[in-house]
4 protein chains.
Amino acid sequence: MKLTVVGVENIRCPIKIRERGGGRQSTVADLSLRARMPSETRETCLTTVRAIINKYQDDINPNIFPCIVDELRTELQADAAQIEMTFPYFIEKQAPITKTSSLMEYTCRFTCQVSDKQDFTISVWVPCTTLCPCSKEISRFGAHNQRAEINLNVKFTKFIWLEDLIELVESGSSSEVYSLLKRPDEKYVTEKAYENPMFVEDVVRKVAELAMRHDDISWFSVGAESFESIHKHSAYAFTDLEAISG
Amino acid sequence: MKLTVVGVENIRCPIKIRERGGGRQSTVADLSLRARMPSETRETCLTTVRAIINKYQDDINPNIFPCIVDELRTELQADAAQIEMTFPYFIEKQAPITKTSSLMEYTCRFTCQVSDKQDFTISVWVPCTTLCPCSKEISRFGAHNQRAEINLNVKFTKFIWLEDLIELVESGSSSEVYSLLKRPDEKYVTEKAYENPMFVEDVVRKVAELAMRHDDISWFSVGAESFESIHKHSAYAFTDLEAISG
Amino acid sequence: MKLTVVGVENIRCPIKIRERGGGRQSTVADLSLRARMPSETRETCLTTVRAIINKYQDDINPNIFPCIVDELRTELQADAAQIEMTFPYFIEKQAPITKTSSLMEYTCRFTCQVSDKQDFTISVWVPCTTLCPCSKEISRFGAHNQRAEINLNVKFTKFIWLEDLIELVESGSSSEVYSLLKRPDEKYVTEKAYENPMFVEDVVRKVAELAMRHDDISWFSVGAESFESIHKHSAYAFTDLEAISG
Amino acid sequence: MKLTVVGVENIRCPIKIRERGGGRQSTVADLSLRARMPSETRETCLTTVRAIINKYQDDINPNIFPCIVDELRTELQADAAQIEMTFPYFIEKQAPITKTSSLMEYTCRFTCQVSDKQDFTISVWVPCTTLCPCSKEISRFGAHNQRAEINLNVKFTKFIWLEDLIELVESGSSSEVYSLLKRPDEKYVTEKAYENPMFVEDVVRKVAELAMRHDDISWFSVGAESFESIHKHSAYAFTDLEAISG
């Protein structure tokens, strides 16, 4: 046990993320980093990561992120290095009928590990509505529904925009969720969810199918949590037993 | 500024709470305490509170709680002392149709401050369902609904059981929430919520009315948070501008 | 009970904060808003606040914030309105000896309530070190020390920069905390803390004295929490019994 | 993708854990369960787990826990089932010099997965003190120290008491942490930590060595987080790159 993995967590820093529409979005990232390395070089770990982040923080994107981690590994002379960068990402979204525009926020994460090989995962957490098929079927009117959150993690063979991943996920539930809805919009999403009942495991299967069909996705996992409106607990579903949603 | 208020937080200890049905329930409490006192006696603060809690922990109830705080104040020779004790409380609850029994958990809190006078508040947090009246009215079918949480804080003139407060709150929403429901029960709660649409502010008004009519309640505040199923944000309502839900 | 207070929480949006050094800092705010108003106008609450935030988000500062809340109240025809805006704020800070520069992050909050009068509070949370005077006195060598967090809330008669408030607080503990320290800096802060032992209540008194002497501060409260290194619990101190640190 | 993993989280229930000293300790557990199974049987998932927990809740121990999960899997006709049970566990602990006795609380977790084979892990989280060797070496007096938390996860070949695991971990840091210390005890732990400086990676190595030497432990992982007193961030160390502390 000569080598140990050392890490630093809870580093926050302002960054700019490249947007699909052109331009860059200012946000604030939570960083954690880990490195497996000879113990004598540990002291420079934090200094190094701060210098590297400073250098790249004004143009973070999926192309540059692995380079950042590789540079960290090289400078630390580490066996392996990993950076996890979590940030809120904002997308201008239109209400379905009135087309009222407002900002919707999504949690996103880049996780990249570099050793002799490189392993990069993008994660998004997307809020949605689930409406219970069983409740709809057995009740004379109404059906219990609730907010749910879908987590998609992907590895990819070609550059993917966060916007693309989020849109893929949003098409997989009873209804999308919005930050601003006027009355005609509220009528639309209420009826859409009622006509589109899905258990949380249906959501997971649907999003998994969409991910499977995507040419540029080489690996994925999906999880979904439903904040049950008739219970105090949450219902979950996952693509596999090890998948972790949060 | 000779006097400062000192405090200790994050003390957890096993306690037993007296139940309405007789008997005592084992649970685990989070304790925080505060005292305004001459700085020279601070050292004994934690020793004293631990000794007092040890003495009373096997039979905590609303009658004994102010005595615990008064004993703390006396032993510390403090000007004023306060203990806040938060704990999960379990009630055996029957599903509405099949009468299937299961444990439902509620967060409860005793907060008592003793100086030359005594001020004791009991708080309960109760999950419930809200179904949106607007969504129901404008939609051809369905209505968005979601889990909500109601917080009731009361001062009282006569002993009140936690069970009584929780039942009062549960009768104030579109539907109660359960920990176990079979299909006939799920049908019942789905239809009940649909026939009983309430905004989160309706819930606050209803619970406030029930509290106002209760003979033994001398003061109260109510807050409710609705985890909107069609939005990412929460909708709140309160009885007054200063009320805090959490 | 004709009027209820309604609110919305968990709205996140990108904002720019004016900096003391000139320029504006991009960050991400958590917004919550409350309004006391006739129930019939509630529907427009969220639309209104989003429109107003959009209008002002590129230049938030203590001068403009009350105007935002007042505009919200007027547009909602509300009796009273309140906005609470919490955000991470970054300041370039130099290590004490090597003058190595790095970004330090502080949590800040603007809370403003407007009714027939206006009530505006700025809050900052500042990490620091406390070194226990008792432990130092009784031990042959060493003294237990730990990270603590100081919360200062102020009302003011004249414009105050966040940078000014944070510097005021940082001068009140055993030692400041940094995001990047080289060896000579680490030596300096270790020795400084050892030569400057303070209980968490000493920190509260010191910061309170500094706030009292500040000409532009008309009201304040101070709280501090120390994450005790020899205990599992936290030690707190406050200027008064009602003060809440979090 | 015929099978999905379904789960339920946030179920709390009162349980009794068997203690090393004889007797059983009342506490409150957070339960989550997952099962991979044909979708048609999902409905009974929660009913089944509640019935099984009810049956065993008065005598939970490492011997019985895998049987609970196996019974769940059998009743659900699931391919694989997993229960994770997290709970606060209390141990009477004596201060090092005055032998003052008080309850210390530790977070513990049982995680068991049963498919055609069985995989059971016990986890404990133990607070401790770390004192920085570098700070001690370079400073004329004092040394920065802080609370840290050590997480040990083990698989085992023979029954192990939680008390045994916790004692193993507590012997691996600069100093143990206590819930109640009088002045002679505070002097003792201050001096002990100063004479026993350890980086967070030294703690991980030490606990790993102790676990490796234990005859009944067949697998383990260790992580430690140090709440740095001179920084805002946490320093971590792990036995391997995948280990997760929380």
# chains A, B, ... in the order shown; residues from 1 in each chain; ligands from 1

$ closest_atom_pairs --of "chain B" --to "chain D" --cutoff "10 Å" --atoms "only C-alpha atoms" --output "Markdown table"
| residue | atom | partner | partner_atom | distance |
| --- | --- | --- | --- | --- |
| B:Ile11 | CA | D:Ser179 | CA | 8.5 |
| B:Arg12 | CA | D:Glu105 | CA | 7.0 |
| B:Cys13 | CA | D:Leu103 | CA | 7.6 |
| B:Pro14 | CA | D:Thr27 | CA | 7.0 |
| B:Ile15 | CA | D:Ser26 | CA | 9.1 |
| B:Lys16 | CA | D:Ser26 | CA | 9.6 |
| B:Gln25 | CA | D:Pro14 | CA | 9.1 |
| B:Ser26 | CA | D:Ser26 | CA | 6.2 |
| B:Thr27 | CA | D:Thr27 | CA | 6.0 |
| B:Val28 | CA | D:Thr27 | CA | 6.2 |
| B:Ala29 | CA | D:Val28 | CA | 9.9 |
| B:Glu43 | CA | D:Lys182 | CA | 8.6 |
| B:Thr44 | CA | D:Lys182 | CA | 8.7 |
| B:Leu46 | CA | D:Leu180 | CA | 7.3 |
| B:Thr47 | CA | D:Leu180 | CA | 6.8 |
| B:Arg50 | CA | D:Ser102 | CA | 7.9 |
| B:Ala51 | CA | D:Ser102 | CA | 9.1 |
| B:Asn54 | CA | D:Ser102 | CA | 9.3 |
| B:Phe87 | CA | D:Val28 | CA | 9.9 |
| B:Pro88 | CA | D:Val28 | CA | 8.3 |
| B:Tyr89 | CA | D:Pro14 | CA | 9.4 |
| B:Phe90 | CA | D:Cys13 | CA | 7.9 |
| B:Thr100 | CA | D:Thr47 | CA | 9.7 |
| B:Ser102 | CA | D:Arg50 | CA | 7.9 |
| B:Leu103 | CA | D:Cys13 | CA | 7.6 |
| B:Met104 | CA | D:Arg12 | CA | 8.6 |
| B:Glu105 | CA | D:Arg12 | CA | 7.0 |
| B:Tyr106 | CA | D:Arg12 | CA | 9.9 |
| B:Ser179 | CA | D:Ile11 | CA | 8.5 |
| B:Leu180 | CA | D:Thr47 | CA | 6.8 |
| B:Leu181 | CA | D:Thr47 | CA | 8.4 |
| B:Lys182 | CA | D:Thr47 | CA | 8.4 |
| B:Arg183 | CA | D:Glu43 | CA | 9.0 |

$ write_last_selection --atoms "C-alpha atoms" --output "PDB file, in the first residue's frame"
ATOM      1  CA  ILE B  11     -26.400  16.265  20.003  1.00  0.00           C
ATOM      2  CA  ARG B  12     -28.297  13.078  19.261  1.00  0.00           C
ATOM      3  CA  CYS B  13     -29.727  10.860  21.943  1.00  0.00           C
ATOM      4  CA  PRO B  14     -32.191   8.006  22.248  1.00  0.00           C
ATOM      5  CA  ILE B  15     -35.415   9.030  24.011  1.00  0.00           C
ATOM      6  CA  LYS B  16     -38.830   7.607  24.810  1.00  0.00           C
ATOM      7  CA  GLN B  25     -42.223   5.039  21.942  1.00  0.00           C
ATOM      8  CA  SER B  26     -38.452   4.687  21.458  1.00  0.00           C
ATOM      9  CA  THR B  27     -36.991   7.177  18.999  1.00  0.00           C
ATOM     10  CA  VAL B  28     -33.844   9.254  18.443  1.00  0.00           C
ATOM     11  CA  ALA B  29     -33.801  13.020  19.078  1.00  0.00           C
ATOM     12  CA  GLU B  43     -17.677  25.069  30.884  1.00  0.00           C
ATOM     13  CA  THR B  44     -20.354  23.056  32.655  1.00  0.00           C
ATOM     14  CA  LEU B  46     -22.711  20.405  28.158  1.00  0.00           C
ATOM     15  CA  THR B  47     -22.092  18.285  31.263  1.00  0.00           C
ATOM     16  CA  ARG B  50     -26.306  15.625  29.372  1.00  0.00           C
ATOM     17  CA  ALA B  51     -26.948  14.801  33.032  1.00  0.00           C
ATOM     18  CA  ASN B  54     -30.079  11.225  31.051  1.00  0.00           C
ATOM     19  CA  PHE B  87     -37.511  13.622  16.528  1.00  0.00           C
ATOM     20  CA  PRO B  88     -39.294  11.268  14.144  1.00  0.00           C
ATOM     21  CA  TYR B  89     -42.566  10.045  15.662  1.00  0.00           C
ATOM     22  CA  PHE B  90     -44.350   6.936  14.435  1.00  0.00           C
ATOM     23  CA  THR B 100     -54.208  -2.327   6.127  1.00  0.00           C
ATOM     24  CA  SER B 102     -48.655   0.381   8.742  1.00  0.00           C
ATOM     25  CA  LEU B 103     -46.338   2.820  10.500  1.00  0.00           C
ATOM     26  CA  MET B 104     -46.364   6.416   9.299  1.00  0.00           C
ATOM     27  CA  GLU B 105     -43.527   8.730  10.331  1.00  0.00           C
ATOM     28  CA  TYR B 106     -43.891  12.418  11.241  1.00  0.00           C
ATOM     29  CA  SER B 179     -47.123   4.576   3.950  1.00  0.00           C
ATOM     30  CA  LEU B 180     -48.968   1.566   2.535  1.00  0.00           C
ATOM     31  CA  LEU B 181     -51.941   1.501   0.150  1.00  0.00           C
ATOM     32  CA  LYS B 182     -53.528  -1.423  -1.677  1.00  0.00           C
ATOM     33  CA  ARG B 183     -55.393  -0.918  -4.952  1.00  0.00           C
TER      34      ARG B 183
END

$ closest_atom_pairs --of "stretch 52-149 of chain B" --to "stretch 118-138 of chain A" --cutoff "12 Å" --atoms "only C-alpha atoms" --output "Markdown table"
| residue | atom | partner | partner_atom | distance |
| --- | --- | --- | --- | --- |
| B:Phe141 | CA | A:Lys136 | CA | 10.8 |
| B:Gly142 | CA | A:Lys136 | CA | 9.0 |
| B:Ala143 | CA | A:Leu131 | CA | 10.3 |
| B:His144 | CA | A:Leu131 | CA | 9.0 |
| B:Asn145 | CA | A:Leu131 | CA | 9.5 |
| B:Gln146 | CA | A:Thr129 | CA | 9.8 |

$ write_last_selection --atoms "N, CA, C and O atoms" --output "PDB file, in the first residue's frame"
ATOM      1  N   PHE B 141     -59.622  16.635 -18.529  1.00  0.00           N
ATOM      2  CA  PHE B 141     -59.499  15.492 -17.620  1.00  0.00           C
ATOM      3  C   PHE B 141     -58.203  15.648 -16.830  1.00  0.00           C
ATOM      4  O   PHE B 141     -57.292  16.334 -17.254  1.00  0.00           O
ATOM      5  N   GLY B 142     -58.174  14.991 -15.662  1.00  0.00           N
ATOM      6  CA  GLY B 142     -56.978  15.060 -14.823  1.00  0.00           C
ATOM      7  C   GLY B 142     -56.832  16.399 -14.138  1.00  0.00           C
ATOM      8  O   GLY B 142     -57.646  17.329 -14.331  1.00  0.00           O
ATOM      9  N   ALA B 143     -55.817  16.506 -13.319  1.00  0.00           N
ATOM     10  CA  ALA B 143     -55.483  17.735 -12.595  1.00  0.00           C
ATOM     11  C   ALA B 143     -54.131  17.480 -11.961  1.00  0.00           C
ATOM     12  O   ALA B 143     -53.905  16.398 -11.416  1.00  0.00           O
ATOM     13  N   HIS B 144     -53.217  18.461 -12.056  1.00  0.00           N
ATOM     14  CA  HIS B 144     -51.914  18.145 -11.459  1.00  0.00           C
ATOM     15  C   HIS B 144     -52.038  18.157  -9.942  1.00  0.00           C
ATOM     16  O   HIS B 144     -52.764  18.948  -9.348  1.00  0.00           O
ATOM     17  N   ASN B 145     -51.363  17.189  -9.335  1.00  0.00           N
ATOM     18  CA  ASN B 145     -51.358  17.082  -7.879  1.00  0.00           C
ATOM     19  C   ASN B 145     -49.947  16.694  -7.441  1.00  0.00           C
ATOM     20  O   ASN B 145     -49.100  16.369  -8.266  1.00  0.00           O
ATOM     21  N   GLN B 146     -49.650  16.771  -6.156  1.00  0.00           N
ATOM     22  CA  GLN B 146     -48.283  16.567  -5.693  1.00  0.00           C
ATOM     23  C   GLN B 146     -48.255  16.384  -4.191  1.00  0.00           C
ATOM     24  O   GLN B 146     -49.222  16.667  -3.517  1.00  0.00           O
TER      25      GLN B 146
END

$ closest_residue --among "A:Ser101, A:Asn196, A:Thr111, A:Asn10" --to "A:Glu176" --atoms "only C-alpha atoms"
A:Asn196

$ atom_distance --atom1 "atom CA of A:Glu209" --atom2 "atom CA of A:Thr107"
22.1 Å

$ select_by_dssp --residues "stretch 114-243 of chain A" --states "strand (DSSP E)" --output "JSON, numbers by chain"
{"A": [114, 118, 119, 120, 121, 122, 123, 124, 125, 126, 127, 128, 129, 130, 131, 145, 146, 147, 148, 149, 150, 151, 152, 153, 154, 155, 156, 175, 176, 217, 218, 219, 220, 221, 222, 223, 224, 225, 226, 234, 235, 236, 237, 238]}

$ residues_around --residues "B:Lys55" --least-positions-apart "6" --cutoff "12 Å" --atoms "only C-alpha atoms" --output "list of chain:residue names"
B:Ile15, B:Lys16, B:Thr48, B:Val49, B:Ile64, B:Cys67, B:Ile68, B:Glu71, B:Leu72

$ closest_residue --among "C:Thr239, C:Thr157, C:Ser218, C:Thr190" --to "D:Ser139" --atoms "only C-alpha atoms"
C:Thr190

$ residues_around --residues "C:Val114" --least-positions-apart "5" --cutoff "8 Å" --atoms "only C-alpha atoms" --output "list of chain:residue names"
C:Pro66, C:Val69, C:Asp70, C:Arg73, C:Ala80, C:Ala81, C:Gln82, C:Asp119

$ closest_residue --among "D:Ile166, D:Ile83, D:Val203, D:Leu152" --to "D:Ser221" --atoms "only C-alpha atoms"
D:Leu152

$ select_by_dssp --residues "stretch 162-211 of chain C" --states "alpha helix (DSSP H)" --output "PyMOL selection string"
chain C and resi 162-170+183-195+200-211

$ residues_around --residues "B:Val8" --least-positions-apart "6" --cutoff "7 Å" --atoms "only C-alpha atoms" --output "list in words"
Ser32, Leu33 and Arg34 of chain B; His233, Ser234, Ala235 and Tyr236 of chain C

$ write_last_selection --atoms "N, CA and C atoms" --output "PDB file, in the first residue's frame"
ATOM      1  N   SER B  32     -30.723  20.685  20.432  1.00  0.00           N
ATOM      2  CA  SER B  32     -29.853  21.847  20.474  1.00  0.00           C
ATOM      3  C   SER B  32     -30.256  22.647  21.686  1.00  0.00           C
ATOM      4  N   LEU B  33     -29.271  23.279  22.323  1.00  0.00           N
ATOM      5  CA  LEU B  33     -29.608  24.057  23.514  1.00  0.00           C
ATOM      6  C   LEU B  33     -28.897  25.376  23.469  1.00  0.00           C
ATOM      7  N   ARG B  34     -29.495  26.371  24.077  1.00  0.00           N
ATOM      8  CA  ARG B  34     -28.928  27.710  24.138  1.00  0.00           C
ATOM      9  C   ARG B  34     -29.138  28.263  25.542  1.00  0.00           C
TER      10      ARG B  34
ATOM     11  N   HIS C 233     -20.126  17.325  18.205  1.00  0.00           N
ATOM     12  CA  HIS C 233     -21.121  18.398  18.116  1.00  0.00           C
ATOM     13  C   HIS C 233     -20.467  19.741  17.753  1.00  0.00           C
ATOM     14  N   SER C 234     -21.307  20.733  17.499  1.00  0.00           N
ATOM     15  CA  SER C 234     -20.836  22.088  17.235  1.00  0.00           C
ATOM     16  C   SER C 234     -21.092  22.979  18.444  1.00  0.00           C
ATOM     17  N   ALA C 235     -20.174  23.920  18.683  1.00  0.00           N
ATOM     18  CA  ALA C 235     -20.401  24.947  19.708  1.00  0.00           C
ATOM     19  C   ALA C 235     -20.870  26.215  19.006  1.00  0.00           C
ATOM     20  N   TYR C 236     -21.907  26.850  19.548  1.00  0.00           N
ATOM     21  CA  TYR C 236     -22.451  28.071  18.966  1.00  0.00           C
ATOM     22  C   TYR C 236     -22.342  29.227  19.938  1.00  0.00           C
TER      23      TYR C 236
END
